[in-house]
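File shown here: entry_19.txt, holding compact mmCIF, C-alpha atoms.
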# COMPACT_ATOMS: atom_id res chain seq x y z
CA MET A 1 115.26 68.49 103.28
CA ASN A 2 115.76 71.81 105.04
CA ALA A 3 113.34 74.70 104.97
CA THR A 4 114.67 78.26 104.86
CA LEU A 5 113.60 81.78 105.77
CA LYS A 6 115.46 85.02 105.23
CA ILE A 7 115.54 86.78 108.60
CA ASN A 8 117.12 90.22 108.90
CA GLY A 9 119.02 89.67 105.68
CA GLN A 10 120.44 86.27 106.72
CA VAL A 11 119.26 82.94 105.35
CA ARG A 12 118.26 80.66 108.20
CA GLU A 13 117.63 76.96 107.87
CA PHE A 14 115.08 75.00 109.81
CA ALA A 15 115.39 71.23 110.04
CA GLU A 16 112.21 69.33 109.24
CA ARG A 17 109.77 72.20 108.72
CA LEU A 18 109.26 75.95 108.94
CA PRO A 19 107.59 77.54 111.92
CA ALA A 20 103.98 77.81 110.75
CA THR A 21 103.39 81.43 111.79
CA LEU A 22 105.30 84.54 112.78
CA ALA A 23 104.32 83.96 116.42
CA GLU A 24 105.77 80.44 116.28
CA LEU A 25 109.00 81.72 114.71
CA LEU A 26 109.47 84.28 117.49
CA LYS A 27 108.89 81.62 120.09
CA THR A 28 111.49 79.39 118.40
CA LEU A 29 113.99 82.27 118.43
CA HIS A 30 113.17 83.19 122.05
CA ILE A 31 112.16 86.73 121.08
CA ASP A 32 109.56 88.51 123.21
CA GLU A 33 107.03 89.55 120.60
CA ALA A 34 105.90 92.59 122.60
CA THR A 35 109.32 94.22 122.13
CA ILE A 36 109.62 94.00 118.37
CA VAL A 37 108.06 95.06 115.09
CA ALA A 38 107.92 92.69 112.15
CA GLU A 39 107.81 93.02 108.41
CA LEU A 40 106.86 89.99 106.33
CA ASP A 41 107.78 90.27 102.65
CA GLY A 42 107.91 94.05 102.97
CA LYS A 43 104.58 94.43 104.75
CA ILE A 44 104.31 95.50 108.41
CA ILE A 45 102.45 92.88 110.44
CA PRO A 46 100.46 94.26 113.41
CA HIS A 47 101.02 92.42 116.70
CA ALA A 48 97.45 91.14 116.68
CA GLU A 49 98.18 89.24 113.46
CA PHE A 50 101.42 87.53 114.53
CA SER A 51 99.64 84.26 115.25
CA THR A 52 97.82 84.23 111.92
CA ALA A 53 100.69 85.46 109.71
CA VAL A 54 101.61 82.30 107.80
CA LEU A 55 105.25 81.80 106.78
CA ARG A 56 106.02 80.29 103.41
CA GLU A 57 109.31 78.87 102.15
CA ASN A 58 111.93 81.63 101.51
CA ALA A 59 109.77 84.34 103.07
CA SER A 60 111.70 87.52 103.89
CA ILE A 61 111.29 88.70 107.47
CA GLU A 62 112.57 91.82 109.20
CA LEU A 63 112.50 91.91 113.00
CA VAL A 64 113.35 95.31 114.44
CA ARG A 65 113.25 96.96 117.83
CA PHE A 66 114.15 100.20 119.52
CA VAL A 67 117.69 100.82 120.62
CA GLY A 68 119.37 103.91 122.07
CA GLY A 69 119.64 106.79 119.62
CA GLY A 70 119.63 110.55 119.38
CA MET B 1 107.91 128.67 132.97
CA ASP B 2 105.83 128.90 129.80
CA LYS B 3 104.90 125.64 128.17
CA LEU B 4 106.20 124.27 124.90
CA ILE B 5 103.44 123.11 122.56
CA ILE B 6 104.17 120.76 119.66
CA ALA B 7 101.29 119.50 117.52
CA GLY B 8 98.87 120.42 120.31
CA LYS B 9 100.78 118.51 123.00
CA GLU B 10 102.11 120.45 125.99
CA PHE B 11 105.57 119.99 127.47
CA GLU B 12 106.87 121.55 130.69
CA SER B 13 110.46 120.73 129.75
CA ARG B 14 112.23 122.24 126.78
CA LEU B 15 115.03 119.69 126.85
CA PHE B 16 114.77 116.52 124.76
CA ILE B 17 117.19 113.70 125.55
CA GLY B 18 118.66 111.17 123.15
CA THR B 19 119.16 107.64 124.49
CA GLY B 20 122.25 106.61 122.51
CA LYS B 21 125.74 105.87 123.87
CA PHE B 22 124.86 105.41 127.54
CA ALA B 23 127.03 102.89 129.39
CA SER B 24 123.94 101.06 130.64
CA ASN B 25 120.16 101.28 130.61
CA GLN B 26 120.25 102.01 134.35
CA ILE B 27 122.49 105.06 133.94
CA MET B 28 120.35 106.21 131.01
CA ALA B 29 117.18 105.98 133.08
CA LYS B 30 118.75 108.01 135.91
CA ALA B 31 120.04 110.67 133.50
CA ILE B 32 116.65 110.96 131.80
CA SER B 33 115.03 111.45 135.18
CA ALA B 34 117.62 114.05 136.27
CA SER B 35 117.16 116.00 133.03
CA GLY B 36 113.48 116.65 133.71
CA THR B 37 112.75 115.85 130.07
CA GLN B 38 109.39 114.68 128.80
CA MET B 39 110.57 113.50 125.39
CA VAL B 40 113.27 110.96 124.56
CA THR B 41 114.51 109.83 121.18
CA VAL B 42 115.18 106.24 120.20
CA ALA B 43 116.44 104.49 117.07
CA LEU B 44 115.13 101.44 115.25
CA ARG B 45 117.49 98.59 114.40
CA ARG B 46 117.40 94.92 113.47
CA VAL B 47 117.04 92.51 116.37
CA ASP B 48 120.25 90.61 117.05
CA ILE B 49 118.79 87.13 116.55
CA ASP B 50 121.55 85.49 118.58
CA ASN B 51 121.18 87.90 121.49
CA PRO B 52 117.54 88.91 121.37
CA ASN B 53 116.81 90.06 124.90
CA ASP B 54 118.24 93.56 125.23
CA ASN B 55 115.10 95.60 125.77
CA LEU B 56 115.66 99.36 125.90
CA LEU B 57 111.98 100.15 126.34
CA ALA B 58 111.86 98.37 129.69
CA ALA B 59 114.10 101.18 131.01
CA ILE B 60 111.87 104.03 129.76
CA ASP B 61 108.65 104.85 131.59
CA ARG B 62 106.31 105.73 128.76
CA ARG B 63 103.79 107.34 131.10
CA LYS B 64 106.41 110.01 131.85
CA TYR B 65 108.26 110.30 128.56
CA LEU B 66 106.99 110.64 125.04
CA LEU B 67 108.94 108.30 122.81
CA LEU B 68 110.25 110.03 119.71
CA PRO B 69 111.65 107.43 117.30
CA ASN B 70 114.16 108.66 114.75
CA THR B 71 114.83 107.45 111.23
CA SER B 72 118.59 107.32 111.75
CA GLY B 73 120.38 105.12 109.27
CA ALA B 74 118.09 106.23 106.44
CA ARG B 75 120.08 107.30 103.38
CA ASP B 76 117.14 108.50 101.32
CA ALA B 77 113.46 109.40 101.59
CA ALA B 78 112.20 105.88 100.89
CA GLU B 79 114.30 104.35 103.70
CA ALA B 80 113.18 107.08 106.10
CA VAL B 81 109.50 106.55 105.31
CA ARG B 82 109.87 102.79 105.81
CA LEU B 83 111.55 103.32 109.20
CA ALA B 84 108.88 105.84 110.21
CA ARG B 85 106.10 103.35 109.47
CA LEU B 86 107.86 100.59 111.41
CA ALA B 87 108.32 103.01 114.33
CA ARG B 88 104.63 103.89 114.25
CA ALA B 89 103.75 100.20 114.37
CA ALA B 90 105.99 99.87 117.43
CA THR B 91 104.87 102.91 119.42
CA GLY B 92 101.26 103.14 118.32
CA ILE B 93 101.74 106.88 117.84
CA ALA B 94 102.80 108.74 114.78
CA TRP B 95 105.54 111.07 116.10
CA ILE B 96 108.77 110.81 114.17
CA LYS B 97 112.12 112.57 114.21
CA LEU B 98 112.92 112.55 110.53
CA GLU B 99 116.59 112.29 109.67
CA VAL B 100 118.13 111.40 106.31
CA THR B 101 121.90 111.30 106.48
CA PRO B 102 123.57 109.70 103.46
CA ASP B 103 127.10 110.77 104.42
CA PRO B 104 128.46 108.64 107.28
CA TYR B 105 131.45 110.90 108.03
CA TYR B 106 129.73 114.18 108.92
CA LEU B 107 126.19 112.75 109.16
CA LEU B 108 124.84 115.92 107.61
CA PRO B 109 121.18 115.78 106.59
CA ASP B 110 120.10 115.61 102.94
CA GLY B 111 117.63 118.48 102.65
CA GLU B 112 116.09 117.38 99.37
CA GLU B 113 115.34 113.83 100.57
CA THR B 114 114.20 115.13 103.96
CA LEU B 115 111.67 117.43 102.32
CA LYS B 116 110.42 114.60 100.11
CA ALA B 117 110.03 112.21 103.05
CA ALA B 118 108.40 114.91 105.19
CA ALA B 119 105.75 115.56 102.54
CA GLU B 120 104.88 111.87 102.34
CA LEU B 121 104.81 111.40 106.13
CA VAL B 122 102.72 114.51 106.79
CA LYS B 123 100.23 113.25 104.21
CA ASP B 124 100.20 109.90 105.99
CA GLY B 125 99.24 111.56 109.29
CA PHE B 126 102.64 111.69 111.00
CA VAL B 127 103.76 114.41 113.40
CA VAL B 128 107.08 115.14 111.72
CA LEU B 129 110.08 116.71 113.49
CA PRO B 130 112.72 117.04 110.78
CA TYR B 131 116.46 117.22 111.48
CA ILE B 132 117.96 119.72 109.04
CA ASN B 133 120.96 121.78 108.25
CA ALA B 134 120.57 125.34 109.55
CA ASP B 135 118.98 126.36 106.24
CA PRO B 136 116.28 129.03 106.63
CA ILE B 137 114.80 128.37 103.18
CA LEU B 138 114.47 124.64 103.80
CA ALA B 139 113.02 125.33 107.26
CA LYS B 140 110.32 127.50 105.65
CA LYS B 141 109.50 124.87 103.04
CA LEU B 142 109.15 122.21 105.73
CA GLN B 143 106.90 124.24 108.00
CA ASP B 144 104.83 125.23 104.96
CA ILE B 145 104.12 121.57 104.14
CA GLY B 146 103.07 120.94 107.74
CA THR B 147 105.97 119.64 109.84
CA ALA B 148 105.39 120.03 113.58
CA THR B 149 108.81 121.60 114.24
CA VAL B 150 112.07 122.24 112.52
CA MET B 151 115.27 120.92 114.09
CA PRO B 152 118.33 122.72 112.76
CA LEU B 153 121.73 121.42 113.77
CA ALA B 154 124.14 123.46 115.87
CA ALA B 155 127.12 121.41 114.64
CA PRO B 156 127.57 117.84 113.33
CA ILE B 157 125.98 115.09 115.45
CA GLY B 158 128.09 114.10 118.44
CA SER B 159 130.75 116.76 117.72
CA ASN B 160 130.08 118.78 120.92
CA LYS B 161 131.24 121.92 119.11
CA GLY B 162 128.38 124.18 120.12
CA LEU B 163 126.33 126.71 118.19
CA LYS B 164 128.42 126.92 115.00
CA THR B 165 125.36 127.80 112.91
CA ARG B 166 124.19 130.60 115.16
CA ASP B 167 123.46 133.27 112.53
CA ALA B 168 121.41 130.94 110.32
CA ILE B 169 119.47 129.59 113.31
CA GLU B 170 118.63 133.18 114.29
CA ILE B 171 117.00 133.65 110.89
CA ILE B 172 115.14 130.33 111.20
CA ILE B 173 113.78 131.42 114.59
CA GLU B 174 112.76 134.81 113.22
CA GLN B 175 110.79 133.19 110.38
CA ALA B 176 109.38 130.21 112.29
CA ILE B 177 105.69 129.48 112.64
CA VAL B 178 106.46 126.15 114.35
CA PRO B 179 108.75 125.43 117.32
CA VAL B 180 112.47 125.50 116.54
CA VAL B 181 114.41 122.71 118.28
CA VAL B 182 118.17 123.03 118.11
CA ASP B 183 119.54 119.54 117.66
CA ALA B 184 123.01 118.05 117.40
CA GLY B 185 126.41 119.38 118.36
CA LEU B 186 125.49 121.06 121.66
CA GLY B 187 128.37 119.94 123.83
CA ALA B 188 127.96 121.93 127.05
CA PRO B 189 125.14 123.47 129.08
CA SER B 190 126.40 126.92 128.04
CA HIS B 191 125.75 125.98 124.39
CA ALA B 192 122.20 124.95 125.25
CA ALA B 193 121.66 128.16 127.23
CA GLU B 194 122.93 130.21 124.30
CA ALA B 195 120.44 128.55 121.93
CA MET B 196 117.59 129.14 124.37
CA GLU B 197 118.60 132.77 125.00
CA MET B 198 118.33 133.53 121.32
CA GLY B 199 114.80 132.18 121.25
CA ALA B 200 115.03 128.51 120.34
CA ASP B 201 111.93 126.73 121.65
CA ALA B 202 113.81 123.63 122.80
CA VAL B 203 117.06 121.72 122.41
CA LEU B 204 117.90 118.05 121.94
CA VAL B 205 121.00 116.67 123.64
CA ASN B 206 122.43 113.17 123.62
CA THR B 207 126.20 112.74 123.38
CA ALA B 208 127.06 115.58 125.76
CA VAL B 209 125.04 113.85 128.48
CA ALA B 210 125.69 110.20 127.65
CA ALA B 211 129.44 110.59 127.18
CA ALA B 212 130.04 112.75 130.28
CA ALA B 213 131.97 111.13 133.11
CA ASP B 214 128.84 111.58 135.23
CA PRO B 215 125.83 111.54 132.88
CA VAL B 216 123.33 112.13 135.68
CA ALA B 217 125.07 115.35 136.79
CA ALA B 218 125.44 116.45 133.16
CA ALA B 219 121.72 115.88 132.59
CA GLN B 220 120.90 118.07 135.57
CA ALA B 221 123.29 120.77 134.36
CA PHE B 222 121.58 120.81 130.95
CA LYS B 223 118.19 121.01 132.64
CA LEU B 224 119.23 124.11 134.58
CA ALA B 225 120.91 125.68 131.55
CA VAL B 226 117.82 125.24 129.37
CA GLN B 227 115.62 126.74 132.08
CA ALA B 228 118.03 129.66 132.57
CA GLY B 229 118.24 130.25 128.84
CA ARG B 230 114.48 130.26 128.40
CA LEU B 231 113.98 132.61 131.36
CA ALA B 232 116.65 134.91 129.96
CA TYR B 233 114.95 134.97 126.57
CA LEU B 234 111.58 135.76 128.16
CA SER B 235 113.19 138.48 130.29
CA GLY B 236 114.05 140.49 127.19
CA LEU B 237 117.77 140.86 127.79
CA ALA B 238 119.21 144.35 127.39
CA GLY B 239 121.24 144.97 124.24
CA GLN B 240 125.00 145.30 123.85
CA SER B 241 126.93 148.53 123.38
CA LYS B 242 130.53 149.28 122.52
CA GLN B 243 131.20 151.71 125.36
CA ALA B 244 130.64 151.32 129.05
CA ASN B 245 127.32 152.38 130.58
CA ALA B 246 127.75 152.96 134.31
CA SER B 247 125.64 150.84 136.56
CA SER B 248 126.32 153.14 139.53
CA PRO B 249 125.18 156.80 139.62
CA LEU B 250 127.52 159.32 137.92
CA THR B 251 126.68 162.04 140.45
CA GLY B 252 127.46 162.65 144.13
CA PHE B 253 131.10 161.56 144.01
CA LEU B 254 133.19 162.24 147.12
CA ARG B 255 135.59 164.62 145.40
CA ASN B 256 135.91 168.32 144.75
CA GLU B 257 136.05 169.52 141.17
How would this structure read if it were set down as structure tokens?
Amino acid sequence: MNATLKINGQVREFAERLPATLAELLKTLHIDEATIVAELDGKIIPHAEFSTAVLRENASIELVRFVGGG
Amino acid sequence: MDKLIIAGKEFESRLFIGTGKFASNQIMAKAISASGTQMVTVALRRVDIDNPNDNLLAAIDRRKYLLLPNTSGARDAAEAVRLARLARAATGIAWIKLEVTPDPYYLLPDGEETLKAAAELVKDGFVVLPYINADPILAKKLQDIGTATVMPLAAPIGSNKGLKTRDAIEIIIEQAIVPVVVDAGLGAPSHAAEAMEMGADAVLVNTAVAAAADPVAAAQAFKLAVQAGRLAYLSGLAGQSKQANASSPLTGFLRNE
């Protein structure tokens, strides 16, 4: 059975099991956590709480970062 | 030159630089440096999960430049407030360039939604710099609810058309109790100088620098133009007249009459 998360609007499947925490998810995706901001189910998660933010099945996650803009 | 003060913070430079559309982060960093700016704008977007390692912030020295995130992409007040809160979580400071642009063709700001978002963000402790149409009534309403500046547009974003809203911006400047930053549409250093000569407190430029063949030289040209414009404003330029007024004496001519 696959486990799924909704990341940046896209459903993403994980074989076996979900990453347990936001920090683990970012590591799996090779994203440097210092460069991003995360929302979990509509709530902003401070960087200090990445390793304790538990992911549940079908959680909705937004990962955003700064890009060039005027 | 006299300092610009926004929300109690002092700036030597009156030129803000946008970081969009540069060919590379390296060229952007050089242009920012050449511009002499102390404030740069950035946008917030979803991470590309399949290509996660493009890091703009690595190219911007935050000890030298205040990061001013914008809410670009927001179509209404609720989206703008959400982006502002995400930006605050990212920067650790609560400065935000508020923009609400529901129309993708002209990217003109929605004044009603901007005012609504500004009220909520000011209440939440943000230093709000709102991007607006050159609307003197809206500018007054915004400064009255506590925005740190008003940022009227010269012309549509990225259009490079210059100070098309000159008369309305003059009224905004006359009535302002906060700094007036002319934003969007300034396509040449002469446009920036014109805005500064009429008493704008600062200007924000992005496309005209980023899309120039030599962005570093363009950045330097804007720097000089903004300085010249500010100095000219402070000098109290003499007024215009219809007829000529001789600069040389009208006596002692070498002729017999």
### Message
Just want the 10 Å neighbourhood of Ile132 (chain B), counted on all atoms listed in the file, with same-chain residues fewer than 6 positions away dropped. Output as a ChimeraX atom specification.
### Response
/B:98-101,108-111,114-115,138-139,142,150-154,182-184
### Message
Show me, as a ChimeraX atom specification, every residue of chain A with an atom at most 8 Å from chain B, counting all atoms listed in the file.
### Response
/A:8,29-32,35-38,44,46,62-70
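Closest approach to Thr52 (chain A) among A:Glu39, A:Glu33, A:Glu16, A:Glu24: A:Glu24, based on all atoms listed in the file.
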### Spatial neighbours of Leu18 (chain A), max dist 9 Å, only C-alpha atoms, sep filter under 4 positions, as a ChimeraX atom specification
/A:2-5,13-14,25,55-57
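The neighbours of Leu234 (chain B) here are the residues that come within 12 Å of it, using all atoms listed in the file and leaving out any residue fewer than 5 positions away in the same chain; they are Met1, Asp2, Met196, Glu197, Met198, Gly199, Ala200, Asp201, Gln227, Ala228 and Gly229 of chain B.
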Residues just named, written with C-alpha atoms as a tab-separated table (two decimals), in the coordinates of the input:
chain	number	residue	atom	x	y	z
B	1	MET	CA	107.91	128.67	132.97
B	2	ASP	CA	105.83	128.90	129.80
B	196	MET	CA	117.59	129.14	124.37
B	197	GLU	CA	118.60	132.77	125.00
B	198	MET	CA	118.33	133.53	121.32
B	199	GLY	CA	114.80	132.18	121.25
B	200	ALA	CA	115.03	128.51	120.34
B	201	ASP	CA	111.93	126.73	121.65
B	227	GLN	CA	115.62	126.74	132.08
B	228	ALA	CA	118.03	129.66	132.57
B	229	GLY	CA	118.24	130.25	128.84
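Our summary of the geometry notes that CA of Gly162 (chain B) is positioned 19.9 Å from CA of Pro179 (chain B).
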Adding 3 Å on each side of the box along x, y and z that holds all listed atoms of region 17-31 of chain A, could you give its centre and edge lengths in Å to one decimal, as AutoDock Vina command-line options?
--center_x 108.7 --center_y 79.5 --center_z 115.4 --size_x 16.6 --size_y 20.5 --size_z 19.3
Residue neighbourhood Ile177 (chain B), 9 Å, only C-alpha atoms, exclusion window fewer than 3 positions, as a tab-separated table (two decimals) with C-alpha atoms, in the coordinates of the input:
chain	number	residue	atom	x	y	z
B	140	LYS	CA	110.32	127.50	105.65
B	143	GLN	CA	106.90	124.24	108.00
B	144	ASP	CA	104.83	125.23	104.96
B	149	THR	CA	108.81	121.60	114.24
B	173	ILE	CA	113.78	131.42	114.59
B	174	GLU	CA	112.76	134.81	113.22
B	180	VAL	CA	112.47	125.50	116.54
### Query
What is the CA of Ala213 (chain B)-CA of Ala31 (chain B) distance in Å, reported with one decimal?
11.9 Å
